[in-house]
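Source file model_11.txt; content: compact mmCIF, C-alpha atoms.
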```
# COMPACT_ATOMS: atom_id res chain seq x y z
CA MET A 1 0.00 0.00 0.00
CA PRO A 2 1.30 3.47 -0.80
CA ASP A 3 1.69 5.99 2.01
CA LYS A 4 -1.31 8.33 2.07
CA ASN A 5 -0.96 12.04 2.55
CA GLN A 6 -4.27 12.33 4.40
CA PRO A 7 -4.16 16.10 4.96
CA VAL A 8 -3.84 16.65 1.20
CA LEU A 9 -6.66 14.20 0.49
CA ASP A 10 -8.84 15.96 3.07
CA PHE A 11 -8.06 19.30 1.40
CA LEU A 12 -8.99 17.96 -2.04
CA ALA A 13 -12.20 16.42 -0.69
CA THR A 14 -13.36 19.77 0.70
CA ARG A 15 -11.73 22.38 -1.55
CA ARG A 16 -14.04 25.07 -2.84
CA SER A 17 -13.25 28.04 -5.07
CA HIS A 18 -14.36 31.53 -4.09
CA SER A 19 -16.25 33.90 -6.32
CA PRO A 20 -13.93 36.79 -7.16
CA LYS A 21 -16.84 39.06 -6.16
CA VAL A 22 -16.31 38.22 -2.48
CA LEU A 23 -12.53 38.54 -2.32
CA VAL A 24 -11.18 41.50 -0.35
CA PRO A 25 -7.81 42.89 0.74
CA PRO A 26 -5.31 42.04 1.95
CA VAL A 27 -3.87 40.10 -0.96
CA PRO A 28 -0.65 38.09 -1.18
CA SER A 29 2.62 40.02 -1.43
CA ARG A 30 4.71 39.75 -4.58
CA ALA A 31 6.93 37.18 -2.87
CA GLU A 32 3.87 35.14 -1.89
CA VAL A 33 2.48 35.37 -5.45
CA GLU A 34 5.81 34.14 -6.82
CA ALA A 35 5.70 31.18 -4.42
CA LEU A 36 2.13 30.34 -5.49
CA LEU A 37 3.18 30.53 -9.15
CA GLY A 38 6.05 28.17 -8.36
CA TYR A 39 3.56 25.62 -7.04
CA ALA A 40 1.31 26.13 -10.07
CA ALA A 41 4.25 25.61 -12.43
CA ARG A 42 4.63 22.05 -11.12
CA SER A 43 1.63 21.05 -13.27
CA PRO A 44 1.78 18.31 -15.91
CA ASP A 45 3.72 19.52 -18.95
CA HIS A 46 4.45 16.85 -21.56
CA GLY A 47 7.83 17.54 -23.12
CA ALA A 48 8.63 20.27 -20.54
CA LEU A 49 7.60 22.87 -23.12
CA VAL A 50 6.21 25.36 -20.58
CA PRO A 51 3.34 26.34 -22.93
CA TRP A 52 2.07 29.04 -20.58
CA ARG A 53 3.14 32.20 -18.82
CA PHE A 54 1.71 34.56 -16.19
CA VAL A 55 0.49 38.17 -16.20
CA VAL A 56 -0.09 39.53 -12.68
CA ILE A 57 -2.67 42.28 -12.29
CA GLU A 58 -2.53 44.47 -9.21
CA GLY A 59 -3.29 47.99 -8.05
CA GLY A 60 -3.89 50.61 -10.73
CA ALA A 61 -3.82 48.01 -13.50
CA MET A 62 -7.26 46.86 -12.30
CA ALA A 63 -8.79 50.31 -12.93
CA ARG A 64 -7.14 50.54 -16.36
CA LEU A 65 -8.48 47.11 -17.33
CA ALA A 66 -11.97 47.98 -16.05
CA ASP A 67 -12.02 51.04 -18.33
CA LEU A 68 -10.69 49.01 -21.26
CA ALA A 69 -13.33 46.30 -20.73
CA GLU A 70 -16.07 48.94 -20.80
CA ALA A 71 -14.67 50.58 -23.93
CA ARG A 72 -14.23 47.24 -25.74
CA GLY A 73 -17.71 46.08 -24.76
CA GLN A 74 -19.27 49.27 -26.06
CA ALA A 75 -17.22 49.14 -29.28
CA LEU A 76 -18.40 45.55 -29.83
CA GLY A 77 -22.04 46.56 -29.29
CA LYS A 78 -22.51 44.43 -26.20
CA ASP A 79 -25.53 45.15 -23.98
CA ALA A 80 -25.07 47.12 -20.75
CA GLU A 81 -25.29 44.04 -18.51
CA THR A 82 -22.56 42.21 -20.47
CA VAL A 83 -20.34 45.31 -20.46
CA ALA A 84 -20.83 45.70 -16.70
CA LYS A 85 -19.96 42.06 -16.11
CA GLY A 86 -16.72 42.38 -18.09
CA ARG A 87 -15.81 45.58 -16.28
CA GLY A 88 -16.89 44.27 -12.90
CA GLN A 89 -14.23 41.65 -12.40
CA PHE A 90 -11.62 44.42 -12.52
CA ASP A 91 -13.66 47.01 -10.60
CA ARG A 92 -13.97 44.53 -7.73
CA GLY A 93 -10.57 42.88 -8.19
CA HIS A 94 -7.54 43.46 -6.01
CA LEU A 95 -5.08 40.87 -7.36
CA ALA A 96 -5.38 38.44 -10.25
CA VAL A 97 -3.10 36.23 -12.29
CA VAL A 98 -3.80 35.71 -15.97
CA VAL A 99 -2.61 32.28 -17.05
CA VAL A 100 -1.66 32.71 -20.69
CA GLU A 101 -1.50 29.72 -23.00
CA ARG A 102 1.44 30.16 -25.34
CA PRO A 103 1.73 27.30 -27.81
CA VAL A 104 5.18 25.90 -28.47
CA PRO A 105 5.82 24.25 -31.86
CA SER A 106 6.38 20.56 -31.24
CA GLU A 107 6.18 17.40 -33.33
CA LYS A 108 5.83 15.35 -30.14
CA VAL A 109 3.30 17.36 -28.11
CA PRO A 110 0.09 18.35 -29.90
CA PRO A 111 -1.57 21.72 -29.20
CA ARG A 112 -4.40 20.03 -27.29
CA GLU A 113 -1.98 18.70 -24.67
CA GLN A 114 -0.49 22.17 -24.30
CA THR A 115 -3.98 23.62 -23.74
CA LEU A 116 -4.63 21.00 -21.08
CA SER A 117 -1.32 21.88 -19.41
CA ALA A 118 -2.35 25.55 -19.22
CA GLY A 119 -5.67 24.51 -17.68
CA ALA A 120 -3.85 22.35 -15.16
CA VAL A 121 -1.77 25.40 -14.19
CA CYS A 122 -4.98 27.36 -13.54
CA LEU A 123 -6.34 24.69 -11.20
CA SER A 124 -2.98 24.24 -9.50
CA LEU A 125 -2.79 27.98 -8.88
CA VAL A 126 -6.28 28.02 -7.35
CA ASN A 127 -5.43 25.03 -5.16
CA ALA A 128 -2.09 26.52 -4.10
CA ALA A 129 -3.78 29.77 -3.09
CA LEU A 130 -6.50 27.90 -1.17
CA ALA A 131 -3.93 25.68 0.56
CA ALA A 132 -1.99 28.81 1.57
CA GLY A 133 -5.13 30.18 3.25
CA TRP A 134 -6.21 32.66 0.58
CA GLY A 135 -9.49 32.77 -1.28
CA ALA A 136 -9.22 32.11 -5.01
CA GLY A 137 -11.44 31.73 -8.03
CA TRP A 138 -10.80 30.94 -11.71
CA VAL A 139 -12.86 32.94 -14.21
CA THR A 140 -12.84 33.92 -17.86
CA GLY A 141 -15.76 35.88 -19.36
CA TRP A 142 -16.11 37.54 -22.75
CA ILE A 143 -13.10 39.75 -22.11
CA SER A 144 -10.86 36.66 -22.04
CA PHE A 145 -11.80 35.79 -25.61
CA ASP A 146 -11.83 39.27 -27.18
CA ARG A 147 -8.58 39.69 -29.12
CA GLY A 148 -8.66 43.46 -28.82
CA PHE A 149 -8.97 43.27 -25.05
CA VAL A 150 -6.38 40.55 -24.40
CA GLU A 151 -3.78 42.02 -26.74
CA GLN A 152 -4.16 45.60 -25.49
CA GLY A 153 -4.94 44.81 -21.86
CA PHE A 154 -2.69 41.84 -21.14
CA GLY A 155 -0.07 42.24 -23.88
CA LEU A 156 -0.84 38.87 -25.49
CA ALA A 157 0.80 37.96 -28.79
CA PRO A 158 -1.54 36.90 -31.63
CA GLU A 159 -0.89 33.18 -31.02
CA GLU A 160 -1.49 33.41 -27.25
CA GLU A 161 -4.81 32.89 -25.46
CA VAL A 162 -6.16 33.34 -21.96
CA ALA A 163 -6.50 29.99 -20.18
CA GLY A 164 -7.95 31.65 -17.10
CA ILE A 165 -7.90 34.61 -14.77
CA VAL A 166 -7.33 33.55 -11.18
CA HIS A 167 -8.40 36.14 -8.60
CA ILE A 168 -6.72 35.81 -5.20
CA GLY A 169 -7.43 37.59 -1.94
CA SER A 170 -8.86 37.37 1.53
CA PHE A 171 -12.39 36.27 2.33
CA VAL A 172 -14.81 36.94 5.14
CA SER A 173 -16.61 33.60 5.15
CA PRO A 174 -15.93 30.28 3.44
CA PRO A 175 -17.91 29.60 0.28
CA ALA A 176 -21.03 27.48 0.57
CA GLU A 177 -20.84 23.92 -0.66
CA ARG A 178 -22.50 23.24 -3.99
CA PRO A 179 -23.93 20.06 -5.47
CA ARG A 180 -21.23 17.73 -6.75
CA PRO A 181 -21.40 15.22 -9.60
CA ASP A 182 -22.51 11.65 -9.02
CA VAL A 183 -19.05 10.23 -9.72
CA PRO A 184 -20.04 6.52 -9.97
CA ALA A 185 -22.55 7.49 -12.67
CA LEU A 186 -19.73 9.03 -14.70
CA ILE A 187 -17.46 5.97 -14.63
CA THR A 188 -17.20 3.36 -17.36
CA TRP A 189 -15.22 0.29 -16.33
CA LEU A 190 -13.80 -1.50 -19.36
CA PRO A 191 -13.99 -5.28 -19.14
CA ALA A 192 -10.78 -7.26 -18.99
```

Show this structure as structure tokens.
Amino acid sequence: MPDKNQPVLDFLATRRSHSPKVLVPPVPSRAEVEALLGYAARSPDHGALVPWRFVVIEGGAMARLADLAEARGQALGKDAETVAKGRGQFDRGHLAVVVVERPVPSEKVPPREQTLSAGAVCLSLVNAALAAGWGAGWVTGWISFDRGFVEQGFGLAPEEEVAGIVHIGSFVSPPAERPRPDVPALITWLPA
């Protein structure tokens, strides 16, 4: 029998993301963010291509991105509610990390595996923040898929995409539990 790491299993059995709407200051320091990103970077990465990078949003950058989201939404003809939602994550945000998928040409590792690696980094970052005692939530929204916004706001190159925006901060109360999938109903056991 392998040795269990019961505290980690208990954490995984009860982990729960926080809505970025409820996160408040204080937020992790730059040194703490770098440590969290170090944990996140230990995600699966076939071929060790590192097909992702990080953009950290803090302070005044939040206000600038909120204004850009509003301007982009209006330019795209989005309704007021959609514009407000895109703007809102930055109006309410205090610290966020954009996980950027940056494909690496490879004959061995297809683009799909690189996308999955970037997604794994997002989840690992959320889990690292939660394990460190912070609140964290992974979001996207229309702004994550608008080329004008991501290139101007986050400095993405044309071949790069947003895998996720992970907001990190303090929280007043733990998030409520939500219904979970019926895991046995999702399993197919192949016969021998």

TODO: Please identify all polymer residues within 9 Å of Thr14 in chain A, counting only C-alpha atoms, omitting same-chain residues fewer than 4 positions from it, and present them as an MDAnalysis selection string.
DONE: chainID A and resid 9:10 177

- [ ] Considering only C-alpha atoms, return as a ChimeraX atom specification whatever protein or nucleic-acid residues lie within 10 Å of Ser106 in chain A, sequence-local ones (same chain, fewer than 5 positions apart) excluded.
- [x] /A:47,49,111,114

TODO: Work out how far CA of Pro28 in chain A is from CA of Val50 in chain A, in Å to one decimal.
DONE: 24.2 Å

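Distance-wise, CA of Pro25 in chain A and CA of Ala96 in chain A end up 12.1 Å apart.
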
Task: Long-range neighbours of Ser19 in chain A as a list in words, 10 Å cut-off, all atoms listed in the file, 3 positions minimum in chain - done: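 The residues satisfying every condition are Arg16, Val22, Leu23, Gly135, Ala136, Gly137, Trp138, Val139, His167, Ile168, Phe171 and Pro175 of chain A.
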
TODO: Considering all atoms listed in the file, state which residue in the set A:Gly141, A:Pro105, A:Gly153, A:Pro20 is at the smallest distance from Ala63 in chain A.
DONE: A:Gly153

Open item on the list: One number please: CA of Leu12 in chain A to CA of Asn127 in chain A, in Å, one decimal.
Closed with: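 So the answer is 8.5 Å.
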
- [ ] Can you work out which one of A:Ala192, A:Leu116, A:Ala128, A:Ala176 has the shortest atom-to-atom distance to Gly164 in chain A, counting all atoms listed in the file?
- [x]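 Of the candidates, the smallest distance to Gly164 in chain A is held by A:Leu116.
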
Open item on the list: Can you pull out the residues contacting Phe149 in chain A? Cut-off 9 Å, using only C-alpha atoms, and skip same-chain residues under 6 positions away; I want them as a ChimeraX atom specification.
Closed with: /A:65,68-69,72,143

Task: Who sits within 10 Å of range 31-34 of chain A, all atoms listed in the file, same chain under 5 positions skipped, as a PyMOL selection string - done: chain A and resi 39-40+56+95-97+125+129+132+168

TODO: Please work out which residues fall within 10 Å of (-12.7, 42.9, -26.4), coordinates as given in the file, with all atoms listed in the file counting, and return them as a list of chain:residue names.
DONE: A:Leu68, A:Ala69, A:Glu70, A:Ala71, A:Arg72, A:Gly73, A:Gln74, A:Ala75, A:Leu76, A:Lys78, A:Val83, A:Gly86, A:Trp142, A:Ile143, A:Ser144, A:Phe145, A:Asp146, A:Arg147, A:Gly148, A:Phe149, A:Val150, A:Glu151, A:Gln152, A:Gly153

Could I get range 48-74 of chain A rebuilt with N, CA, C and O atoms, written as a PDB file, keeping the file's coordinate frame?
```pdb
ATOM      1  N   ALA A  48       8.069  19.110 -21.258  1.00  0.00           N
ATOM      2  CA  ALA A  48       8.630  20.270 -20.540  1.00  0.00           C
ATOM      3  C   ALA A  48       8.720  21.493 -21.444  1.00  0.00           C
ATOM      4  O   ALA A  48       9.720  22.200 -21.482  1.00  0.00           O
ATOM      5  N   LEU A  49       7.622  21.749 -22.174  1.00  0.00           N
ATOM      6  CA  LEU A  49       7.600  22.870 -23.120  1.00  0.00           C
ATOM      7  C   LEU A  49       7.273  24.210 -22.455  1.00  0.00           C
ATOM      8  O   LEU A  49       7.532  25.254 -23.035  1.00  0.00           O
ATOM      9  N   VAL A  50       6.683  24.164 -21.277  1.00  0.00           N
ATOM     10  CA  VAL A  50       6.210  25.360 -20.580  1.00  0.00           C
ATOM     11  C   VAL A  50       5.346  26.199 -21.544  1.00  0.00           C
ATOM     12  O   VAL A  50       5.686  27.332 -21.888  1.00  0.00           O
ATOM     13  N   PRO A  51       4.189  25.643 -21.964  1.00  0.00           N
ATOM     14  CA  PRO A  51       3.340  26.340 -22.930  1.00  0.00           C
ATOM     15  C   PRO A  51       2.395  27.340 -22.281  1.00  0.00           C
ATOM     16  O   PRO A  51       1.229  27.451 -22.665  1.00  0.00           O
ATOM     17  N   TRP A  52       2.882  28.057 -21.294  1.00  0.00           N
ATOM     18  CA  TRP A  52       2.070  29.040 -20.580  1.00  0.00           C
ATOM     19  C   TRP A  52       3.001  30.040 -19.908  1.00  0.00           C
ATOM     20  O   TRP A  52       4.195  29.800 -19.745  1.00  0.00           O
ATOM     21  N   ARG A  53       2.421  31.174 -19.563  1.00  0.00           N
ATOM     22  CA  ARG A  53       3.140  32.200 -18.820  1.00  0.00           C
ATOM     23  C   ARG A  53       2.117  32.940 -17.961  1.00  0.00           C
ATOM     24  O   ARG A  53       0.916  32.674 -18.056  1.00  0.00           O
ATOM     25  N   PHE A  54       2.586  33.876 -17.134  1.00  0.00           N
ATOM     26  CA  PHE A  54       1.710  34.560 -16.190  1.00  0.00           C
ATOM     27  C   PHE A  54       1.753  36.076 -16.396  1.00  0.00           C
ATOM     28  O   PHE A  54       2.816  36.647 -16.645  1.00  0.00           O
ATOM     29  N   VAL A  55       0.596  36.709 -16.250  1.00  0.00           N
ATOM     30  CA  VAL A  55       0.490  38.170 -16.200  1.00  0.00           C
ATOM     31  C   VAL A  55      -0.201  38.477 -14.877  1.00  0.00           C
ATOM     32  O   VAL A  55      -1.331  38.033 -14.652  1.00  0.00           O
ATOM     33  N   VAL A  56       0.478  39.202 -13.990  1.00  0.00           N
ATOM     34  CA  VAL A  56      -0.090  39.530 -12.680  1.00  0.00           C
ATOM     35  C   VAL A  56      -0.702  40.926 -12.747  1.00  0.00           C
ATOM     36  O   VAL A  56      -0.057  41.872 -13.197  1.00  0.00           O
ATOM     37  N   ILE A  57      -1.949  41.003 -12.291  1.00  0.00           N
ATOM     38  CA  ILE A  57      -2.670  42.280 -12.290  1.00  0.00           C
ATOM     39  C   ILE A  57      -2.823  42.721 -10.838  1.00  0.00           C
ATOM     40  O   ILE A  57      -3.356  41.977 -10.009  1.00  0.00           O
ATOM     41  N   GLU A  58      -2.377  43.930 -10.552  1.00  0.00           N
ATOM     42  CA  GLU A  58      -2.530  44.470  -9.210  1.00  0.00           C
ATOM     43  C   GLU A  58      -2.740  45.971  -9.284  1.00  0.00           C
ATOM     44  O   GLU A  58      -2.506  46.592 -10.317  1.00  0.00           O
ATOM     45  N   GLY A  59      -3.195  46.546  -8.195  1.00  0.00           N
ATOM     46  CA  GLY A  59      -3.290  47.990  -8.050  1.00  0.00           C
ATOM     47  C   GLY A  59      -3.993  48.707  -9.188  1.00  0.00           C
ATOM     48  O   GLY A  59      -5.083  48.338  -9.618  1.00  0.00           O
ATOM     49  N   GLY A  60      -3.319  49.755  -9.697  1.00  0.00           N
ATOM     50  CA  GLY A  60      -3.890  50.610 -10.730  1.00  0.00           C
ATOM     51  C   GLY A  60      -4.180  49.892 -12.033  1.00  0.00           C
ATOM     52  O   GLY A  60      -4.997  50.369 -12.835  1.00  0.00           O
ATOM     53  N   ALA A  61      -3.541  48.762 -12.275  1.00  0.00           N
ATOM     54  CA  ALA A  61      -3.820  48.010 -13.500  1.00  0.00           C
ATOM     55  C   ALA A  61      -5.277  47.544 -13.529  1.00  0.00           C
ATOM     56  O   ALA A  61      -5.876  47.439 -14.599  1.00  0.00           O
ATOM     57  N   MET A  62      -5.853  47.283 -12.353  1.00  0.00           N
ATOM     58  CA  MET A  62      -7.260  46.860 -12.300  1.00  0.00           C
ATOM     59  C   MET A  62      -8.174  47.945 -12.859  1.00  0.00           C
ATOM     60  O   MET A  62      -9.067  47.665 -13.655  1.00  0.00           O
ATOM     61  N   ALA A  63      -7.947  49.193 -12.452  1.00  0.00           N
ATOM     62  CA  ALA A  63      -8.790  50.310 -12.930  1.00  0.00           C
ATOM     63  C   ALA A  63      -8.614  50.498 -14.432  1.00  0.00           C
ATOM     64  O   ALA A  63      -9.596  50.724 -15.153  1.00  0.00           O
ATOM     65  N   ARG A  64      -7.385  50.393 -14.919  1.00  0.00           N
ATOM     66  CA  ARG A  64      -7.140  50.540 -16.360  1.00  0.00           C
ATOM     67  C   ARG A  64      -7.855  49.453 -17.144  1.00  0.00           C
ATOM     68  O   ARG A  64      -8.472  49.719 -18.179  1.00  0.00           O
ATOM     69  N   LEU A  65      -7.820  48.214 -16.644  1.00  0.00           N
ATOM     70  CA  LEU A  65      -8.480  47.110 -17.330  1.00  0.00           C
ATOM     71  C   LEU A  65      -9.998  47.231 -17.259  1.00  0.00           C
ATOM     72  O   LEU A  65     -10.696  46.860 -18.210  1.00  0.00           O
ATOM     73  N   ALA A  66     -10.524  47.755 -16.162  1.00  0.00           N
ATOM     74  CA  ALA A  66     -11.970  47.980 -16.050  1.00  0.00           C
ATOM     75  C   ALA A  66     -12.418  48.955 -17.132  1.00  0.00           C
ATOM     76  O   ALA A  66     -13.422  48.724 -17.829  1.00  0.00           O
ATOM     77  N   ASP A  67     -11.673  50.049 -17.305  1.00  0.00           N
ATOM     78  CA  ASP A  67     -12.020  51.040 -18.330  1.00  0.00           C
ATOM     79  C   ASP A  67     -11.903  50.442 -19.727  1.00  0.00           C
ATOM     80  O   ASP A  67     -12.762  50.692 -20.586  1.00  0.00           O
ATOM     81  N   LEU A  68     -10.867  49.641 -19.952  1.00  0.00           N
ATOM     82  CA  LEU A  68     -10.690  49.010 -21.260  1.00  0.00           C
ATOM     83  C   LEU A  68     -11.821  48.024 -21.538  1.00  0.00           C
ATOM     84  O   LEU A  68     -12.340  47.966 -22.659  1.00  0.00           O
ATOM     85  N   ALA A  69     -12.224  47.250 -20.542  1.00  0.00           N
ATOM     86  CA  ALA A  69     -13.330  46.300 -20.730  1.00  0.00           C
ATOM     87  C   ALA A  69     -14.605  47.046 -21.115  1.00  0.00           C
ATOM     88  O   ALA A  69     -15.339  46.611 -22.011  1.00  0.00           O
ATOM     89  N   GLU A  70     -14.867  48.162 -20.462  1.00  0.00           N
ATOM     90  CA  GLU A  70     -16.070  48.940 -20.800  1.00  0.00           C
ATOM     91  C   GLU A  70     -15.983  49.481 -22.223  1.00  0.00           C
ATOM     92  O   GLU A  70     -16.937  49.366 -23.000  1.00  0.00           O
ATOM     93  N   ALA A  71     -14.833  50.037 -22.585  1.00  0.00           N
ATOM     94  CA  ALA A  71     -14.670  50.580 -23.930  1.00  0.00           C
ATOM     95  C   ALA A  71     -14.786  49.497 -24.999  1.00  0.00           C
ATOM     96  O   ALA A  71     -15.455  49.688 -26.020  1.00  0.00           O
ATOM     97  N   ARG A  72     -14.168  48.340 -24.761  1.00  0.00           N
ATOM     98  CA  ARG A  72     -14.230  47.240 -25.740  1.00  0.00           C
ATOM     99  C   ARG A  72     -15.661  46.724 -25.864  1.00  0.00           C
ATOM    100  O   ARG A  72     -16.146  46.456 -26.953  1.00  0.00           O
ATOM    101  N   GLY A  73     -16.345  46.570 -24.725  1.00  0.00           N
ATOM    102  CA  GLY A  73     -17.710  46.080 -24.760  1.00  0.00           C
ATOM    103  C   GLY A  73     -18.620  47.008 -25.538  1.00  0.00           C
ATOM    104  O   GLY A  73     -19.443  46.560 -26.347  1.00  0.00           O
ATOM    105  N   GLN A  74     -18.460  48.303 -25.329  1.00  0.00           N
ATOM    106  CA  GLN A  74     -19.270  49.270 -26.060  1.00  0.00           C
ATOM    107  C   GLN A  74     -18.930  49.258 -27.546  1.00  0.00           C
ATOM    108  O   GLN A  74     -19.822  49.302 -28.395  1.00  0.00           O
TER     109      GLN A  74
END
```
